Amino acid sequence: MTTQVLRGWLPSLTTAVGCAVGCWLAVSQAQQSQARRMEQLTDEVGSLRRALESSSRATGASPVGTATLLAPRESRLSVEDQEAMALRVATLLKESGGPVVGSSEPEAPVPTAPEPSSEQREAAARAGTMVDRVVSSGRMTAEDVLEIRRELVHLRGRPEADALRKQLVVAINQDRLIPAPGFDGLP
Amino acid sequence: MKQLTSSKPLLRGVLFPGVALAVLGLAPVAWGGLQSQTVFCQKNTDGSGLCYGNFVGFREDATSTSSASFREDLMTGTRSFDSWSTPAGGTSPVVYTCIPNAAVSALWEQALSNRGFFRVSWDASGTCDYLRLVNSSQNTNF
């Protein structure tokens with residue numbers, strides 16, 4: 001009796017399990033697709049924000065919601081919310097030809113670094129020579145990184161060090177400079 | 001009315017319920033939560049670009065050189081992001097790197113301890129100008 005009952009149930013059970021697995025796969029695919037779409041929208045919003053910032057730098061006014069957009073908390077923004085955000089920013093740009101909110105406050109003066117000491121000037125010169133050599137050669141070894149880093153320690157927080165690092169970064173991103181495998185970061 | 005009786009052995013009478021229970025037991029295991037492994041980097045000819053993904057994605061990537069790092073050197077005061085990944089169809093890894101601007105730098109402490117998803121972009125001067133961090137169950141494996 002029990003065997004006959006189970007024989008009757010087994011095909012139905014197998015069908016139910018198969019349908020459930022199929023549904024799970026479909027939902028998973030839909031979720032992945034939605035995640036990809038949200039990334040695309042984030043990219044578009046980021047582009048609009050950069051356009052807004054560029055426009056604000058040109059006119060001197062404050063951009064809209066920059067801080068929020070730069071470092072948004074993880075929010076449950078739906079696809080519709082992100083699209084609405086992008087459309088709103090685009091509309092504002094179109095209406096005014098530039099930023100539309102924020103008072104035109106004068107920008108705070110950028111503090112200038114104190115004059116470098118003679119030791120710092122010498123370290124900057126040596127580091128600059130090394131950076132030029134490395135960029136010209138197209139290769140940066142681990143030893144190169146250590147040597148440059150030893151000089152840049154003397155220039156901590158100074159704009160000369162930032163400028164030299166940016167030289168390396170730009171060369172790397174333009175594929176003109178290849179760091180060695182095991183690259184342990186910039187000097 | 002004829003009464004059906006089973007003359008099957010006891011073992012077979014136990015086997016079918018056991019198989020049914022095993023099938024039922026398998027179903028919940030197949031229903032694990034959403035897990036993502038994402039690796040994506042791209043850059044333009046002027047050097048600007050972006051990377052996004054999660055750390056587990058870079059770590060589990062088929063290419064053994066794939067990596068993504070947020071760094072801070074306390075001696076030099078350097079903060080930087082760098083990533084090695086091989087573009088689709090490529091054979092060699094490509095390096096992507098940037099140095100954060102002030103606004104992005106404000107999030108760097110979180111970036112250094114993030115274990116989930118990140119998205120960072122930079123301009124042609126090599127300045128990271130956007131950072132998004134996400135910690136969610138689908139982006140971690142701890």
# chains A, B, ... in the order shown; residues from 1 in each chain; ligands from 1
call {"tool": "select_by_dssp", "arguments": {"residues": "segment 43-74 of chain B", "states": "strand (DSSP E)", "output": "list in words"}}
result
Lys43, Gly49, Leu50, Cys51, Tyr52, Gly53, Asn54, Ser67, Ala68, Ser69, Phe70, Arg71, Glu72 and Asp73 of chain B
call {"tool": "closest_atom_pairs", "arguments": {"of": "chain B", "to": "chain A", "cutoff": "6 Å", "atoms": "only C-alpha atoms", "output": "tab-separated table"}}
result
residue	atom	partner	partner_atom	distance
B:Gly13	CA	A:Thr3	CA	5.8
B:Gly47	CA	A:Asn173	CA	4.5
B:Thr76	CA	A:Val153	CA	4.7
B:Gly77	CA	A:Arg156	CA	5.8
B:Tyr96	CA	A:Asn173	CA	5.8
B:Gly126	CA	A:Val170	CA	5.5
B:Tyr130	CA	A:Leu70	CA	5.7
call {"tool": "residues_around", "arguments": {"residues": "Arg121 of chain A", "least_positions_apart": "4", "cutoff": "10 Å", "atoms": "only C-alpha atoms", "output": "list in words"}}
result
Glu115, Pro116, Ser117, Ala125, Arg126, Ala127, His154, Leu155 and Glu160 of chain A
call {"tool": "atom_distance", "arguments": {"atom1": "atom CA of Arg139 of chain A", "atom2": "atom CA of Glu60 of chain B"}}
result
27.8 Å
